[in-house]
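Undergrad: I'd like to ask some things about the structure below.
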Amino acid sequence: MPEDTEASREPVVTPVRVVIGLCLVAPFVAMLWVGSYAKTDPTFIGIPFFYWYQMAWVLISTLLTVTAYKLWQRDQRGRAAAAPSTPKGGESR
C-alpha cells in the first residue's frame with residue numbers, strides 16, 4: 001500500500017485557488033446584479049451606462065480569466081514539483 005495518505009496530501013482549498021475562484025465568479029456577479037447598472041447616466045462618448053458597463057466587463061472578464069488561468073498553471077506546476085515521483089510503470093498497489 002502506498003504511503004499516500006490524506007495527511008500527506010496538500011490541501012485542496014488554498015489561497016491561490018480562492019483567488020482563482022473569485023476571478024472566475026466576479027464577472028457573473030457583476031452581470032447578474034442588473035440593478036447596479038440598469039441606468040442611462042453617466043454616458044460615455046454618447047453611449048448609455050447600461051451598454052458601456054457591459055462592454056467594459058467583456059474586457060475585465062478576459063483579464064480575470066487570463067489571470068485565473070496563469071495562477072492555475074503556476075499552482076499545478078508547484079503541485080507537480082512537490083508531488084513524490086510515481087513508479088516508472090505508473091503502477092500502484
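The chains in the C-alpha cells are called A, B, ... from first to last as shown; in each chain the residues are counted from 1, and the ligands are counted from 1 in the order shown.
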Give the helix (DSSP H, G or I) residues of chain A, as assigned by DSSP on the backbone, as a ChimeraX atom specification.
TA: /A:6-8,15-32,34-36,49-82
Undergrad: Mind dumping the selected residues with C-alpha atoms as a PDB file, in the first residue's frame?
TA:
```pdb
ATOM      1  CA  GLU A   6      -4.851  12.064   3.452  1.00  0.00           C
ATOM      2  CA  ALA A   7      -2.485  13.680   5.949  1.00  0.00           C
ATOM      3  CA  SER A   8       0.404  13.823   3.461  1.00  0.00           C
ATOM      4  CA  PRO A  15      -5.421  30.921  -1.031  1.00  0.00           C
ATOM      5  CA  VAL A  16      -4.362  30.793  -4.693  1.00  0.00           C
ATOM      6  CA  ARG A  17      -7.363  28.650  -5.570  1.00  0.00           C
ATOM      7  CA  VAL A  18      -9.672  31.036  -3.700  1.00  0.00           C
ATOM      8  CA  VAL A  19      -8.299  33.920  -5.792  1.00  0.00           C
ATOM      9  CA  ILE A  20      -8.830  31.833  -8.945  1.00  0.00           C
ATOM     10  CA  GLY A  21     -12.436  31.227  -7.924  1.00  0.00           C
ATOM     11  CA  LEU A  22     -13.013  34.903  -7.225  1.00  0.00           C
ATOM     12  CA  CYS A  23     -11.551  35.840 -10.617  1.00  0.00           C
ATOM     13  CA  LEU A  24     -13.992  33.491 -12.308  1.00  0.00           C
ATOM     14  CA  VAL A  25     -17.069  34.373 -10.224  1.00  0.00           C
ATOM     15  CA  ALA A  26     -16.702  38.183 -10.256  1.00  0.00           C
ATOM     16  CA  PRO A  27     -17.981  38.680 -13.848  1.00  0.00           C
ATOM     17  CA  PHE A  28     -21.064  36.558 -13.143  1.00  0.00           C
ATOM     18  CA  VAL A  29     -21.913  38.534 -10.020  1.00  0.00           C
ATOM     19  CA  ALA A  30     -21.343  41.839 -11.821  1.00  0.00           C
ATOM     20  CA  MET A  31     -23.606  40.888 -14.735  1.00  0.00           C
ATOM     21  CA  LEU A  32     -26.337  39.223 -12.660  1.00  0.00           C
ATOM     22  CA  VAL A  34     -28.646  44.181 -13.013  1.00  0.00           C
ATOM     23  CA  GLY A  35     -29.929  46.817 -10.587  1.00  0.00           C
ATOM     24  CA  SER A  36     -26.401  48.181 -10.261  1.00  0.00           C
ATOM     25  CA  PHE A  49     -24.038  53.472 -18.992  1.00  0.00           C
ATOM     26  CA  PHE A  50     -26.045  50.247 -19.405  1.00  0.00           C
ATOM     27  CA  TYR A  51     -24.166  49.380 -22.598  1.00  0.00           C
ATOM     28  CA  TRP A  52     -20.637  50.576 -21.895  1.00  0.00           C
ATOM     29  CA  TYR A  53     -20.667  48.943 -18.445  1.00  0.00           C
ATOM     30  CA  GLN A  54     -21.391  45.568 -20.055  1.00  0.00           C
ATOM     31  CA  MET A  55     -18.757  46.108 -22.742  1.00  0.00           C
ATOM     32  CA  ALA A  56     -16.215  47.041 -20.080  1.00  0.00           C
ATOM     33  CA  TRP A  57     -16.951  43.744 -18.337  1.00  0.00           C
ATOM     34  CA  VAL A  58     -16.104  41.875 -21.529  1.00  0.00           C
ATOM     35  CA  LEU A  59     -12.558  43.230 -21.253  1.00  0.00           C
ATOM     36  CA  ILE A  60     -12.420  42.846 -17.463  1.00  0.00           C
ATOM     37  CA  SER A  61     -13.665  39.250 -17.734  1.00  0.00           C
ATOM     38  CA  THR A  62     -10.956  38.479 -20.261  1.00  0.00           C
ATOM     39  CA  LEU A  63      -8.268  39.847 -17.941  1.00  0.00           C
ATOM     40  CA  LEU A  64      -9.672  37.974 -14.948  1.00  0.00           C
ATOM     41  CA  THR A  65      -9.888  34.707 -16.903  1.00  0.00           C
ATOM     42  CA  VAL A  66      -6.288  35.053 -18.118  1.00  0.00           C
ATOM     43  CA  THR A  67      -5.197  35.793 -14.547  1.00  0.00           C
ATOM     44  CA  ALA A  68      -7.055  32.740 -13.244  1.00  0.00           C
ATOM     45  CA  TYR A  69      -5.506  30.559 -15.950  1.00  0.00           C
ATOM     46  CA  LYS A  70      -1.971  31.763 -15.198  1.00  0.00           C
ATOM     47  CA  LEU A  71      -2.493  31.235 -11.463  1.00  0.00           C
ATOM     48  CA  TRP A  72      -3.864  27.741 -12.146  1.00  0.00           C
ATOM     49  CA  GLN A  73      -0.844  26.850 -14.261  1.00  0.00           C
ATOM     50  CA  ARG A  74       1.509  28.094 -11.537  1.00  0.00           C
ATOM     51  CA  ASP A  75      -0.418  26.136  -8.897  1.00  0.00           C
ATOM     52  CA  GLN A  76      -0.293  22.935 -10.949  1.00  0.00           C
ATOM     53  CA  ARG A  77       3.447  23.305 -11.604  1.00  0.00           C
ATOM     54  CA  GLY A  78       4.015  23.787  -7.885  1.00  0.00           C
ATOM     55  CA  ARG A  79       1.961  20.733  -7.011  1.00  0.00           C
ATOM     56  CA  ALA A  80       3.728  18.610  -9.627  1.00  0.00           C
ATOM     57  CA  ALA A  81       7.113  19.668  -8.277  1.00  0.00           C
ATOM     58  CA  ALA A  82       6.062  18.925  -4.695  1.00  0.00           C
TER      59      ALA A  82
END
```
Undergrad: Compare A:Gly46, A:Trp33, A:Arg9, A:Thr14 by their minimum atom-to-atom distance to A:Ala83, counting only C-alpha atoms, and give me the closest one.
TA: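 Looking at the shortest contact to A:Ala83, the residue is A:Arg9.
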